[in-house]
$ cat target_27.cif   # mmCIF, C-alpha atoms
data_query
#
loop_
_atom_site.label_atom_id
_atom_site.label_comp_id
_atom_site.auth_asym_id
_atom_site.auth_seq_id
_atom_site.Cartn_x
_atom_site.Cartn_y
_atom_site.Cartn_z
CA MET I 127 -31.78 5.13 54.62
CA LYS I 128 -28.79 7.26 53.71
CA ARG I 129 -28.14 8.34 50.17
CA VAL I 130 -25.05 7.15 48.40
CA LEU I 131 -22.71 10.09 47.96
CA HIS I 132 -20.93 10.70 44.72
CA LEU I 133 -17.34 11.00 45.81
CA ARG I 134 -14.88 12.86 43.66
CA PRO I 135 -11.45 11.37 43.13
CA PRO I 136 -8.98 12.67 45.74
CA GLY I 137 -6.78 14.34 43.11
CA GLN I 138 -9.70 16.14 41.56
CA GLN I 139 -10.88 17.27 44.98
CA ALA I 140 -7.43 18.58 45.87
CA MET I 141 -7.02 20.37 42.55
CA ALA I 142 -10.39 22.08 42.97
CA ALA I 143 -9.53 23.17 46.51
CA VAL I 144 -6.11 24.45 45.45
CA THR I 145 -7.71 26.38 42.60
CA MET I 146 -10.15 27.99 45.01
CA VAL I 147 -7.38 28.93 47.47
CA LEU I 148 -5.32 30.42 44.67
CA GLY I 149 -8.41 32.27 43.49
CA ILE I 150 -8.81 33.77 46.95
CA ALA I 151 -5.19 34.93 46.89
CA LEU I 152 -5.34 36.34 43.36
CA LEU I 153 -8.64 38.12 43.94
CA ALA I 154 -7.30 40.04 46.95
CA PRO I 155 -7.70 43.43 45.23
CA TRP I 156 -11.41 42.69 44.68
CA PRO I 157 -12.95 41.68 48.02
CA GLY I 158 -16.44 41.07 46.55
CA PRO I 159 -15.56 38.37 44.00
CA GLN I 160 -13.04 37.06 46.51
CA ALA I 161 -15.87 36.50 48.99
CA LEU I 162 -17.80 34.51 46.37
CA VAL I 163 -14.83 32.22 45.78
CA HIS I 164 -14.33 31.96 49.51
CA ALA I 165 -17.93 30.88 50.03
CA ALA I 166 -17.69 28.38 47.18
CA LEU I 167 -14.64 26.85 48.84
CA VAL I 168 -16.11 26.64 52.32
CA PHE I 169 -19.54 25.34 51.25
CA GLY I 170 -18.51 23.20 48.33
CA PHE I 171 -14.98 22.52 47.23
CA ALA I 172 -13.44 22.10 50.69
CA ILE I 173 -16.07 19.62 51.79
CA ASN I 174 -14.79 16.10 51.45
CA PRO I 175 -17.42 13.51 52.43
CA ALA I 176 -14.69 10.96 52.99
CA SER I 177 -12.50 13.02 55.36
CA ALA I 178 -13.49 15.53 58.00
CA LEU I 179 -9.84 16.38 58.55
CA LEU I 180 -9.26 17.35 54.90
CA THR I 181 -12.47 19.37 54.99
CA ALA I 182 -11.24 21.31 58.01
CA LEU I 183 -7.76 21.76 56.57
CA TRP I 184 -8.93 23.14 53.20
CA ALA I 185 -11.45 25.43 54.84
CA ALA I 186 -8.83 26.70 57.28
CA ALA I 187 -6.39 27.19 54.41
CA GLY I 188 -8.93 29.35 52.63
CA GLY I 189 -9.48 31.41 55.78
CA TRP I 190 -5.80 31.91 56.46
CA VAL I 191 -5.12 32.96 52.88
CA LEU I 192 -8.03 35.40 52.97
CA GLU I 193 -6.91 37.05 56.20
CA GLY I 194 -3.33 37.03 55.00
CA THR I 195 -4.27 38.87 51.84
CA HIS I 196 -6.28 41.44 53.78
CA ARG I 197 -3.49 42.20 56.25
CA ILE I 198 -5.73 44.49 58.28
CA TYR I 199 -6.22 42.47 61.46
CA PRO I 200 -3.76 42.71 64.34
CA HIS I 201 -4.43 39.07 65.30
CA LEU I 202 -5.25 36.55 62.58
CA GLY I 203 -7.13 33.29 62.97
CA GLY I 204 -10.78 34.24 63.33
CA THR I 205 -11.82 33.55 59.73
CA PRO I 206 -10.07 30.14 59.45
CA TRP I 207 -11.70 28.94 62.66
CA ALA I 208 -15.13 30.05 61.49
CA ASP I 209 -14.52 28.50 58.06
CA MET I 210 -13.47 25.24 59.67
CA THR I 211 -16.49 25.14 61.94
CA VAL I 212 -19.04 25.91 59.23
CA ALA I 213 -17.41 23.54 56.74
CA LEU I 214 -17.53 20.72 59.29
CA LEU I 215 -21.15 21.56 60.00
CA ALA I 216 -22.00 21.60 56.30
CA ARG I 217 -20.21 18.29 55.79
CA TRP I 218 -22.13 16.76 58.70
CA LEU I 219 -25.43 18.03 57.29
CA LEU I 220 -24.49 16.72 53.87
CA LEU I 221 -23.83 13.30 55.32
CA GLU I 222 -26.76 13.17 57.72
CA TRP I 223 -29.44 14.98 55.73
CA PRO I 224 -28.63 15.01 52.08
CA VAL I 225 -30.94 17.07 49.90
CA ASP I 226 -32.30 16.07 46.52
CA SER I 227 -33.39 19.38 45.06
CA LEU I 228 -31.50 22.46 44.12
CA LYS I 229 -34.07 24.57 45.89
CA ALA I 230 -33.57 22.79 49.21
CA TRP I 231 -29.82 22.94 48.68
CA MET I 232 -29.93 26.65 48.14
CA GLY I 233 -32.12 27.14 51.18
CA ARG I 234 -29.75 25.22 53.36
CA GLN I 235 -26.77 27.07 51.90
CA ALA I 236 -28.50 30.37 52.61
CA VAL I 237 -28.99 29.45 56.24
CA LEU I 238 -25.44 28.22 56.51
CA ALA I 239 -24.17 31.36 54.80
CA GLY I 240 -25.99 33.57 57.28
CA LEU I 241 -24.60 31.57 60.13
CA TRP I 242 -21.14 31.70 58.56
CA ILE I 243 -21.23 35.46 58.19
CA LEU I 244 -22.17 35.93 61.81
CA LEU I 245 -19.63 33.40 63.00
CA VAL I 246 -16.82 34.93 60.96
CA HIS I 247 -17.49 38.37 62.40
CA LEU I 248 -17.78 36.99 65.91
CA ALA I 249 -14.52 35.08 65.63
CA VAL I 250 -12.66 38.00 64.07
CA ARG I 251 -13.99 40.24 66.81
CA LEU I 252 -12.80 37.81 69.44
CA ALA I 253 -9.44 37.45 67.81
CA ALA I 254 -8.68 40.94 66.53
CA GLY I 255 -11.16 43.19 68.29
CA PRO I 256 -13.77 45.48 66.76
CA HIS I 257 -13.56 45.77 62.99
CA ILE I 258 -15.56 47.08 60.08
CA TRP I 259 -18.14 44.82 58.46
CA GLY I 260 -17.62 45.90 54.92
CA TRP I 261 -19.87 44.68 52.09
CA THR I 262 -18.54 41.19 51.48
CA TRP I 263 -21.47 39.71 53.41
CA ALA I 264 -23.81 41.30 50.86
CA TRP I 265 -21.75 39.85 48.03
CA VAL I 266 -22.02 36.41 49.62
CA LEU I 267 -25.79 36.63 50.03
CA LEU I 268 -26.48 38.21 46.66
CA GLY I 269 -24.15 35.82 44.91
CA LEU I 270 -25.69 32.82 46.63
CA PRO I 271 -27.54 31.57 43.53
CA LEU I 272 -24.27 31.48 41.64
CA TRP I 273 -21.94 29.82 44.13
CA SER I 274 -24.70 27.63 45.49
CA TRP I 275 -25.50 26.32 42.03
CA ILE I 276 -21.78 25.69 41.39
CA THR I 277 -21.39 23.79 44.64
CA TRP I 278 -24.57 21.86 43.88
CA ARG I 279 -23.08 20.72 40.59
CA TRP I 280 -19.83 19.91 42.33
CA GLN I 281 -21.45 17.80 44.99
CA ARG I 282 -23.66 16.00 42.45
CA PRO I 283 -21.47 15.16 39.50
CA GLY I 284 -23.30 14.50 36.30
CA GLY I 285 -26.07 16.91 37.13
CA ARG I 286 -28.18 14.26 38.81
CA MET C 292 -14.10 -12.72 65.28
CA ALA C 293 -12.65 -9.49 64.08
CA ARG C 294 -11.63 -7.05 66.73
CA GLN C 295 -13.71 -3.87 66.86
CA HIS C 296 -11.58 -0.70 66.65
CA SER C 297 -12.77 2.18 68.80
CA PRO C 298 -13.20 5.38 66.76
CA TRP C 299 -11.39 7.22 69.58
CA GLY C 300 -8.54 4.78 69.99
CA TRP C 301 -5.04 4.67 68.47
CA SER C 302 -6.23 3.72 64.98
CA PRO C 303 -6.03 5.72 61.73
CA THR C 304 -9.59 6.89 62.16
CA GLY C 305 -9.03 7.75 65.79
CA ARG C 306 -5.80 9.60 65.05
CA ARG C 307 -7.50 11.65 62.35
CA ARG C 308 -10.26 12.51 64.80
CA TRP C 309 -7.80 13.62 67.44
CA VAL C 310 -5.92 15.72 64.90
CA LEU C 311 -9.17 17.30 63.80
CA ILE C 312 -10.14 18.04 67.39
CA LEU C 313 -6.72 19.49 68.12
CA LEU C 314 -6.89 21.55 64.96
CA TRP C 315 -10.31 22.96 65.75
CA THR C 316 -9.69 23.56 69.44
CA GLY C 317 -6.25 25.00 68.77
CA HIS C 318 -7.71 27.48 66.34
CA GLY C 319 -10.46 28.28 68.79
CA ALA C 320 -7.99 28.83 71.62
CA TRP C 321 -5.88 31.01 69.36
CA VAL C 322 -8.96 33.06 68.47
CA LEU C 323 -10.04 33.37 72.09
CA SER C 324 -6.56 34.48 73.14
CA GLY C 325 -7.40 37.72 71.39
CA PRO C 326 -5.20 40.56 70.29
CA LYS C 327 -3.12 40.45 73.49
CA ALA C 328 -1.55 37.19 72.45
CA GLY C 329 -0.69 38.82 69.19
CA GLY C 330 0.83 41.70 71.08
CA ALA C 331 2.89 39.34 73.21
CA TRP C 332 3.98 37.46 70.12
CA ALA C 333 4.84 40.73 68.42
CA GLY C 334 6.81 41.77 71.51
CA PHE C 335 8.70 38.49 71.48
CA THR C 336 9.49 38.75 67.80
CA SER C 337 10.50 42.40 68.26
CA ALA C 338 12.85 41.48 71.08
CA ALA C 339 14.29 38.64 69.03
CA ALA C 340 14.76 40.92 66.04
CA ARG C 341 16.29 43.76 68.05
CA PRO C 342 19.94 42.71 67.63
CA VAL C 343 19.53 42.34 63.90
CA GLU C 344 17.65 45.64 63.73
CA SER C 345 20.35 47.43 65.71
CA VAL C 346 23.03 46.07 63.41
CA ALA C 347 20.95 47.09 60.40
CA ALA C 348 20.38 50.55 61.88
CA ALA C 349 24.10 50.96 62.51
CA TRP C 350 24.85 49.84 58.97
CA ARG C 351 22.23 52.20 57.56
CA SER C 352 23.54 55.07 59.69
CA TRP C 353 27.09 54.38 58.56
CA ARG C 354 26.03 54.38 54.92
CA LEU C 355 24.04 57.59 55.42
CA HIS C 356 26.93 59.33 57.17
CA ARG C 357 29.33 58.11 54.51
CA ALA C 358 27.06 59.58 51.87
CA GLU C 359 26.82 62.82 53.85
CA ARG C 360 30.57 62.92 54.26
CA ALA C 361 31.00 62.39 50.55
CA THR C 362 28.48 65.14 49.88
CA ASP C 363 30.18 67.48 52.35
CA LEU C 364 33.57 66.70 50.86
CA ALA C 365 32.34 67.42 47.34
CA ARG C 366 30.74 70.64 48.53
CA ALA C 367 33.87 71.69 50.38
CA GLN C 368 35.96 70.86 47.33
CA ALA C 369 33.72 73.01 45.16
CA GLN C 370 33.93 75.86 47.68
CA LEU C 371 37.69 75.47 47.83
CA ASP C 372 37.93 75.67 44.06
CA ALA C 373 35.71 78.74 44.02
CA LEU C 374 37.81 80.36 46.76
CA ARG C 375 41.03 79.52 44.92
CA GLN C 376 39.67 81.14 41.81
CA GLN C 377 38.60 84.15 43.84
CA VAL C 378 42.03 84.41 45.45
CA GLN C 379 43.71 84.21 42.06
CA THR C 380 41.44 86.93 40.73
CA LEU C 381 42.15 89.12 43.75
CA GLN C 382 45.88 88.50 43.49
CA ALA C 383 45.83 89.46 39.82
CA ALA C 384 43.88 92.60 40.65
CA GLN C 385 46.29 93.38 43.47
CA MET C 386 49.27 92.94 41.17
CA ALA C 387 47.64 95.15 38.60
CA ASP C 388 46.93 97.76 41.25
CA ALA C 389 50.31 97.51 42.96
CA PRO C 390 52.01 100.37 41.05
CA ARG C 391 49.06 102.63 41.58
CA VAL C 392 48.88 101.71 45.26
CA ALA C 393 52.60 102.38 45.66
CA ASP C 394 52.21 105.73 43.96
CA ASP C 395 49.26 106.52 46.16
CA GLU C 396 51.17 105.61 49.29
CA ALA C 397 54.16 107.67 48.20
CA ALA C 398 51.91 110.58 47.35
CA GLU C 399 50.19 110.27 50.69
CA ARG C 400 53.47 110.28 52.55
CA LEU C 401 54.71 113.23 50.50
CA LEU C 402 51.52 115.02 51.26
CA GLY C 403 52.04 114.43 54.94
CA LEU C 404 55.59 115.75 54.68
CA LYS C 405 54.43 118.71 52.70
CA THR C 406 52.02 119.69 55.41
CA LYS C 407 54.74 119.40 58.01
CA VAL C 408 57.29 121.50 56.15
CA PRO C 409 56.18 125.14 56.19
CA LEU C 410 57.66 125.86 52.81
CA PRO C 411 56.26 125.99 49.24
CA THR C 412 57.62 122.63 48.09
CA GLN C 413 57.09 120.85 44.78
CA ALA C 414 56.75 117.10 44.22
CA ALA C 415 58.59 115.09 41.60
CA ARG C 416 58.67 111.41 40.70
CA VAL C 417 61.95 109.53 40.71
CA LEU C 418 62.60 107.99 37.31
CA VAL C 419 66.00 106.40 37.88
CA ALA C 420 68.04 105.81 41.02
CA PRO C 421 71.47 104.51 39.95
CA VAL C 422 73.59 102.95 42.66
CA GLY C 423 76.92 104.48 43.59
CA ALA C 424 76.82 107.51 41.33
CA ALA C 425 79.45 110.03 42.37
CA PHE C 426 78.22 113.05 40.56
CA GLY C 427 74.50 113.05 40.39
CA GLY C 428 72.33 110.05 40.87
CA LEU C 429 68.59 110.25 41.04
CA ILE C 430 66.81 111.44 37.94
CA LEU C 431 63.49 113.22 38.46
CA ASP C 432 60.63 113.63 36.00
CA ALA C 433 60.54 117.40 36.29
CA GLY C 434 63.03 120.15 35.59
CA ALA C 435 62.94 123.66 34.30
CA ASP C 436 59.34 123.15 33.24
CA LEU C 437 58.42 123.36 36.94
CA GLY C 438 60.92 126.10 37.65
CA PHE C 439 63.59 123.92 39.23
CA THR C 440 67.09 125.35 39.53
CA ARG C 441 70.41 124.03 40.75
CA ASP C 442 71.08 123.54 44.45
CA GLN C 443 67.47 123.23 45.47
CA GLY C 444 67.16 120.86 48.41
CA VAL C 445 65.52 117.46 47.88
CA ILE C 446 63.84 115.68 50.74
CA ALA C 447 61.71 112.61 51.29
CA PRO C 448 59.39 111.64 54.14
CA GLU C 449 62.21 109.56 55.66
CA GLY C 450 64.77 112.35 55.58
CA VAL C 451 67.09 114.49 53.48
CA VAL C 452 67.89 113.13 50.00
CA GLY C 453 70.33 115.62 48.49
CA ARG C 454 70.25 118.62 46.23
CA LEU C 455 69.55 119.28 42.57
CA TRP C 456 72.80 118.89 40.65
CA SER C 457 71.68 119.69 37.15
CA VAL C 458 68.36 120.74 35.74
CA GLY C 459 67.14 119.95 32.26
CA ALA C 460 64.06 121.02 30.44
CA THR C 461 61.82 118.23 31.68
CA GLN C 462 64.14 116.25 33.91
CA SER C 463 66.61 116.99 36.62
CA GLU C 464 69.40 115.16 38.38
CA VAL C 465 69.90 114.93 42.12
CA LEU C 466 73.23 114.77 43.90
CA PRO C 467 72.45 112.36 46.71
CA ALA C 468 73.60 113.05 50.22
CA ASP C 469 75.87 109.99 50.27
CA ALA C 470 77.87 111.12 47.25
CA PRO C 471 81.53 111.91 48.07
CA ASN C 472 81.19 115.38 46.59
CA ALA C 473 78.02 116.15 48.54
CA SER C 474 78.03 118.10 51.78
CA ILE C 475 75.21 119.16 54.09
CA GLY C 476 75.33 121.37 57.12
CA VAL C 477 74.18 119.20 60.02
CA MET C 478 73.56 119.45 63.71
CA LEU C 479 73.59 116.76 66.38
CA ALA C 480 70.37 116.40 68.26
CA ARG C 481 71.72 116.11 71.80
CA SER C 482 74.86 118.18 71.86
CA ARG C 483 73.61 120.71 69.32
CA ALA C 484 77.13 120.64 67.85
CA THR C 485 77.25 121.53 64.18
CA GLY C 486 79.38 120.15 61.38
CA VAL C 487 79.34 119.21 57.74
CA LEU C 488 78.10 115.83 56.52
CA GLN C 489 80.14 114.47 53.65
CA GLY C 490 78.94 111.43 51.74
CA THR C 491 80.90 108.22 51.85
CA GLY C 492 78.63 106.09 49.61
CA SER C 493 76.19 103.29 50.33
CA ASN C 494 73.69 105.50 52.11
CA ARG C 495 76.33 106.63 54.58
CA GLY C 496 78.18 109.83 55.44
CA GLU C 497 80.67 111.28 57.86
CA ILE C 498 80.42 114.47 59.87
CA ARG C 499 83.44 116.67 59.58
CA TYR C 500 84.68 119.53 61.68
CA LEU C 501 83.40 118.26 65.00
CA ASN C 502 85.48 119.18 68.01
CA ASN C 503 87.16 116.39 69.92
CA GLN C 504 85.59 117.66 73.07
CA GLU C 505 82.06 117.00 71.90
CA VAL C 506 80.22 114.08 73.43
CA VAL C 507 78.50 112.09 70.71
CA GLN C 508 76.84 108.70 71.15
CA PRO C 509 75.87 106.16 68.51
CA GLY C 510 72.18 106.29 67.70
CA GLU C 511 72.02 110.02 68.12
CA ALA C 512 69.85 111.77 65.54
CA VAL C 513 71.41 114.16 63.05
CA TYR C 514 69.43 117.08 61.70
CA THR C 515 70.11 119.77 59.19
CA SER C 516 71.60 122.89 60.72
CA GLY C 517 70.42 125.33 58.08
CA LEU C 518 73.86 126.85 57.78
CA ASP C 519 74.40 125.57 54.23
CA ARG C 520 71.57 127.75 52.94
CA VAL C 521 70.11 124.77 51.10
CA PHE C 522 68.08 122.98 53.75
CA PRO C 523 66.13 124.66 56.51
CA ARG C 524 67.08 123.85 60.06
CA GLY C 525 65.67 120.73 61.70
CA LEU C 526 65.19 118.21 58.86
CA LEU C 527 66.20 114.65 59.74
CA VAL C 528 69.36 113.49 57.99
CA GLY C 529 70.23 110.24 59.72
CA TYR C 530 71.57 108.58 62.83
CA VAL C 531 75.08 108.27 64.24
CA THR C 532 76.42 104.75 63.72
CA GLU C 533 80.01 105.04 64.89
CA VAL C 534 82.12 107.56 66.83
CA LYS C 535 85.92 107.63 66.92
CA GLN C 536 88.37 110.03 68.48
CA GLY C 537 90.59 111.61 65.88
CA ASP C 538 93.70 113.71 66.17
CA LEU C 539 91.97 116.98 65.67
CA GLU C 540 88.32 116.18 65.35
CA LEU C 541 85.78 113.49 66.06
CA GLN C 542 85.15 110.96 63.37
CA VAL C 543 81.41 110.48 63.40
CA LYS C 544 79.84 108.14 60.87
CA VAL C 545 76.21 108.56 60.01
CA GLY C 546 73.68 106.28 58.38
CA LEU C 547 71.31 108.28 56.25
CA ALA C 548 67.63 107.95 57.13
CA ALA C 549 66.27 108.19 53.59
CA PRO C 550 66.69 105.06 51.42
CA LEU C 551 68.22 106.92 48.53
CA ARG C 552 67.98 104.07 46.04
CA ARG C 553 64.36 103.16 46.78
CA LEU C 554 62.53 106.47 46.69
CA PRO C 555 59.48 106.66 44.45
CA ALA C 556 58.98 110.41 44.80
CA VAL C 557 60.59 113.40 46.47
CA LEU C 558 59.85 116.95 47.44
CA ILE C 559 61.86 119.87 46.10
CA LEU C 560 62.52 122.66 48.56
CA PRO C 561 62.51 126.28 47.37
CA LEU C 562 65.73 128.19 47.07
CA PRO C 563 66.55 130.16 50.17
CA SER C 564 66.32 133.90 49.90
CA PRO C 565 69.75 135.42 49.26
CA LEU C 566 71.48 136.99 52.15
CA GLU C 567 71.15 140.74 52.19
CA PRO C 568 74.41 142.41 53.14
CA GLN C 569 73.91 144.84 55.98
CA PRO C 570 75.49 148.26 55.68
CA PRO C 571 78.54 148.72 57.92
CA LEU C 572 77.94 150.47 61.16
CA VAL C 573 79.36 154.01 60.93
CA PRO C 574 79.55 156.07 64.13
CA GLN C 575 77.47 159.19 63.82
CA ALA C 576 79.27 162.49 64.46
CA LYS C 577 77.79 164.40 67.37
CA ALA C 578 76.10 167.63 66.67
CA GLY C 579 78.28 170.49 67.28
CA GLY C 580 81.29 168.97 65.77
CA ALA C 581 84.35 167.50 67.29
CA PRO C 582 85.90 169.18 70.14
#
$ encode --input "target_27.cif" --output "structure tokens"
Amino acid sequence: MKRVLHLRPPGQQAMAAVTMVLGIALLAPWPGPQALVHAALVFGFAINPASALLTALWAAAGGWVLEGTHRIYPHLGGTPWADMTVALLARWLLLEWPVDSLKAWMGRQAVLAGLWILLVHLAVRLAAGPHIWGWTWAWVLLGLPLWSWITWRWQRPGGR
Amino acid sequence: MARQHSPWGWSPTGRRRWVLILLWTGHGAWVLSGPKAGGAWAGFTSAAARPVESVAAAWRSWRLHRAERATDLARAQAQLDALRQQVQTLQAAQMADAPRVADDEAAERLLGLKTKVPLPTQAARVLVAPVGAAFGGLILDAGADLGFTRDQGVIAPEGVVGRLWSVGATQSEVLPADAPNASIGVMLARSRATGVLQGTGSNRGEIRYLNNQEVVQPGEAVYTSGLDRVFPRGLLVGYVTEVKQGDLELQVKVGLAAPLRRLPAVLILPLPSPLEPQPPLVPQAKAGGAP
């Protein structure tokens, strides 16, 4: 039996996603914190249990804004595609196998984050060619307790 | 019984699915197209932007050249001002030096004449050169203080000037050759005929006592003959300007070579040595007495 999801109002969902996208744009000079906000958007605030299309659109928006602020790739599009794919996968997992504990949530987010990191680099390599890895992946993994806890609270309003 | 809508059909849910699939696959295709697609897109946008870029480049070049022209013009104007100032300074210096330069040139010419004339001459500066003076004209800045005496010949690099008419302590007066009361013994260059040049004014003179049989042509040079005992033989006096047959003698008009009214300095010739009378020839009586 499937769990009943706690859906956020559409306006609240959109405001949260817009805030995250703006955060990505404003944090362009600091790639580490920007990666944390990016991860929070893809794994939490972009995911809309009621609409796969909105999930994909917000995740892609975050990816496009991130690559646009970097302005280092000759051919953009790798990050938004990876964001879209992982966000859709996370949404599907959330709908099909919802978790009840923060620990399980964090474990799943860690796996998804690893997959996301690899997929982003693969897509960017396909799109723009070889590129440096940087240290944003480490920020994402080390900051996982923070953004994972935030997304946990966002997906379960009321702290239940 | 309610109709079952297919999730892949033309329903709101189906349309959202198709949009999602198109969105995801479109992104994927864009990613897989790789950097070459970006290069092609960049090439297309570059080609599309080329006309605007060329216009912008032309506009920028025009503005740059205009600025350069303005800069060059300002620089040239500054140089022109500096050169004008320099020219004014040089002109002022030249005007200040003009008297000295004229004196130097006159002195140089006198020096050249002095080396040509094998006589112990003395130089004097002309103070005043009044026009049309009958008796005496030029006033020199030297007189008895340099040992000048009356009737000493006065010459210039251009030719004969006249003779000393009166001598003061520190100044002397010259009777110019064109004065009506002046006369110089002259000789024609080609015919070697001699006569006396009498002044007729205005830097002119007339040769008197020339035989009607002499052949004289205008333009012929006239030199001193040395017979007047004032000027040595061979100094240039002037050139024949007009020749007329007279009743008894030729009327030969001469234009004097020396500009008598524009001489800055002159040379004073020494007085000729007085003629020594020779004793009359007396036939010697033969020894033994007259027969």
$ residues_around --input "target_27.cif" --residues "stretch 190-192 of chain I" --least-positions-apart "2" --cutoff "9 Å" --atoms "only C-alpha atoms" --output "list in words"
Val147, Leu148, Ile150, Ala151, Ala154, Gln160, Ala161, His164, Ala185, Ala186, Ala187, Gly188, Gly194, Thr195, His196, Arg197, Leu202, Gly203, Gly204, Thr205 and Pro206 of chain I
$ closest_atom_pairs --input "target_27.cif" --of "chain C" --to "chain I" --cutoff "7 Å" --atoms "only C-alpha atoms" --output "CSV"
residue,atom,partner,partner_atom,distance
C:Arg307,CA,I:Leu179,CA,6.5
C:Leu311,CA,I:Leu179,CA,5.4
C:Trp315,CA,I:Trp207,CA,6.9
C:His318,CA,I:Trp207,CA,5.6
C:Gly319,CA,I:Trp207,CA,6.3
C:Trp321,CA,I:Gly203,CA,6.9
C:Val322,CA,I:Ala253,CA,4.5
C:Leu323,CA,I:Leu252,CA,5.9
C:Ser324,CA,I:Ala253,CA,6.7
C:Gly325,CA,I:Ala253,CA,4.1
C:Pro326,CA,I:Ala254,CA,5.1
C:Gly329,CA,I:His201,CA,5.4
$ write_last_selection --input "target_27.cif" --atoms "C-alpha atoms" --output "mmCIF file, in the frame of the given file"
data_model
loop_
_atom_site.group_PDB
_atom_site.id
_atom_site.type_symbol
_atom_site.label_atom_id
_atom_site.label_comp_id
_atom_site.auth_asym_id
_atom_site.auth_seq_id
_atom_site.Cartn_x
_atom_site.Cartn_y
_atom_site.Cartn_z
ATOM 1 C CA ARG C 307 -7.500 11.650 62.350
ATOM 2 C CA LEU C 311 -9.170 17.300 63.800
ATOM 3 C CA TRP C 315 -10.310 22.960 65.750
ATOM 4 C CA HIS C 318 -7.710 27.480 66.340
ATOM 5 C CA GLY C 319 -10.460 28.280 68.790
ATOM 6 C CA TRP C 321 -5.880 31.010 69.360
ATOM 7 C CA VAL C 322 -8.960 33.060 68.470
ATOM 8 C CA LEU C 323 -10.040 33.370 72.090
ATOM 9 C CA SER C 324 -6.560 34.480 73.140
ATOM 10 C CA GLY C 325 -7.400 37.720 71.390
ATOM 11 C CA PRO C 326 -5.200 40.560 70.290
ATOM 12 C CA GLY C 329 -0.690 38.820 69.190
#
$ resolve_selection --input "target_27.cif" --expression "the PyMOL selection byres ((chain I and resi 238) around 12)" --output "MDAnalysis selection string"
chainID I and resid 165 168:170 208:209 211:217 219:220 231:237 239:246 266:267 270 274
$ write_last_selection --input "target_27.cif" --atoms "C-alpha atoms" --output "PDB file, keeping the file's coordinate frame"
ATOM      1  CA  ALA I 165     -17.930  30.880  50.030  1.00  0.00           C
ATOM      2  CA  VAL I 168     -16.110  26.640  52.320  1.00  0.00           C
ATOM      3  CA  PHE I 169     -19.540  25.340  51.250  1.00  0.00           C
ATOM      4  CA  GLY I 170     -18.510  23.200  48.330  1.00  0.00           C
ATOM      5  CA  ALA I 208     -15.130  30.050  61.490  1.00  0.00           C
ATOM      6  CA  ASP I 209     -14.520  28.500  58.060  1.00  0.00           C
ATOM      7  CA  THR I 211     -16.490  25.140  61.940  1.00  0.00           C
ATOM      8  CA  VAL I 212     -19.040  25.910  59.230  1.00  0.00           C
ATOM      9  CA  ALA I 213     -17.410  23.540  56.740  1.00  0.00           C
ATOM     10  CA  LEU I 214     -17.530  20.720  59.290  1.00  0.00           C
ATOM     11  CA  LEU I 215     -21.150  21.560  60.000  1.00  0.00           C
ATOM     12  CA  ALA I 216     -22.000  21.600  56.300  1.00  0.00           C
ATOM     13  CA  ARG I 217     -20.210  18.290  55.790  1.00  0.00           C
ATOM     14  CA  LEU I 219     -25.430  18.030  57.290  1.00  0.00           C
ATOM     15  CA  LEU I 220     -24.490  16.720  53.870  1.00  0.00           C
ATOM     16  CA  TRP I 231     -29.820  22.940  48.680  1.00  0.00           C
ATOM     17  CA  MET I 232     -29.930  26.650  48.140  1.00  0.00           C
ATOM     18  CA  GLY I 233     -32.120  27.140  51.180  1.00  0.00           C
ATOM     19  CA  ARG I 234     -29.750  25.220  53.360  1.00  0.00           C
ATOM     20  CA  GLN I 235     -26.770  27.070  51.900  1.00  0.00           C
ATOM     21  CA  ALA I 236     -28.500  30.370  52.610  1.00  0.00           C
ATOM     22  CA  VAL I 237     -28.990  29.450  56.240  1.00  0.00           C
ATOM     23  CA  ALA I 239     -24.170  31.360  54.800  1.00  0.00           C
ATOM     24  CA  GLY I 240     -25.990  33.570  57.280  1.00  0.00           C
ATOM     25  CA  LEU I 241     -24.600  31.570  60.130  1.00  0.00           C
ATOM     26  CA  TRP I 242     -21.140  31.700  58.560  1.00  0.00           C
ATOM     27  CA  ILE I 243     -21.230  35.460  58.190  1.00  0.00           C
ATOM     28  CA  LEU I 244     -22.170  35.930  61.810  1.00  0.00           C
ATOM     29  CA  LEU I 245     -19.630  33.400  63.000  1.00  0.00           C
ATOM     30  CA  VAL I 246     -16.820  34.930  60.960  1.00  0.00           C
ATOM     31  CA  VAL I 266     -22.020  36.410  49.620  1.00  0.00           C
ATOM     32  CA  LEU I 267     -25.790  36.630  50.030  1.00  0.00           C
ATOM     33  CA  LEU I 270     -25.690  32.820  46.630  1.00  0.00           C
ATOM     34  CA  SER I 274     -24.700  27.630  45.490  1.00  0.00           C
TER      35      SER I 274
END
$ atom_distance --input "target_27.cif" --atom1 "atom CA of C:Pro563" --atom2 "atom CA of C:Phe522"
8.2 Å
$ resolve_selection --input "target_27.cif" --expression "the PyMOL selection byres ((chain C and resi 507) around 9)" --output "ChimeraX atom specification"
/C:479,481-482,505-506,508-509,511,531,534,541,543
$ atom_distance --input "target_27.cif" --atom1 "atom CA of C:Arg520" --atom2 "atom CA of C:Leu562"
8.3 Å
$ residues_around --input "target_27.cif" --residues "stretch 137-139 of chain I" --least-positions-apart "3" --cutoff "10 Å" --atoms "all atoms listed in the file" --output "PyMOL selection string"
chain I and resi 133-134+142-145+171-174+280
$ write_last_selection --input "target_27.cif" --atoms "C-alpha atoms" --output "short mmCIF file (atom, residue, chain, number, x, y, z; two decimals), keeping the file's coordinate frame"
data_model
loop_
_atom_site.label_atom_id
_atom_site.label_comp_id
_atom_site.auth_asym_id
_atom_site.auth_seq_id
_atom_site.Cartn_x
_atom_site.Cartn_y
_atom_site.Cartn_z
CA LEU I 133 -17.34 11.00 45.81
CA ARG I 134 -14.88 12.86 43.66
CA ALA I 142 -10.39 22.08 42.97
CA ALA I 143 -9.53 23.17 46.51
CA VAL I 144 -6.11 24.45 45.45
CA THR I 145 -7.71 26.38 42.60
CA PHE I 171 -14.98 22.52 47.23
CA ALA I 172 -13.44 22.10 50.69
CA ILE I 173 -16.07 19.62 51.79
CA ASN I 174 -14.79 16.10 51.45
CA TRP I 280 -19.83 19.91 42.33
#
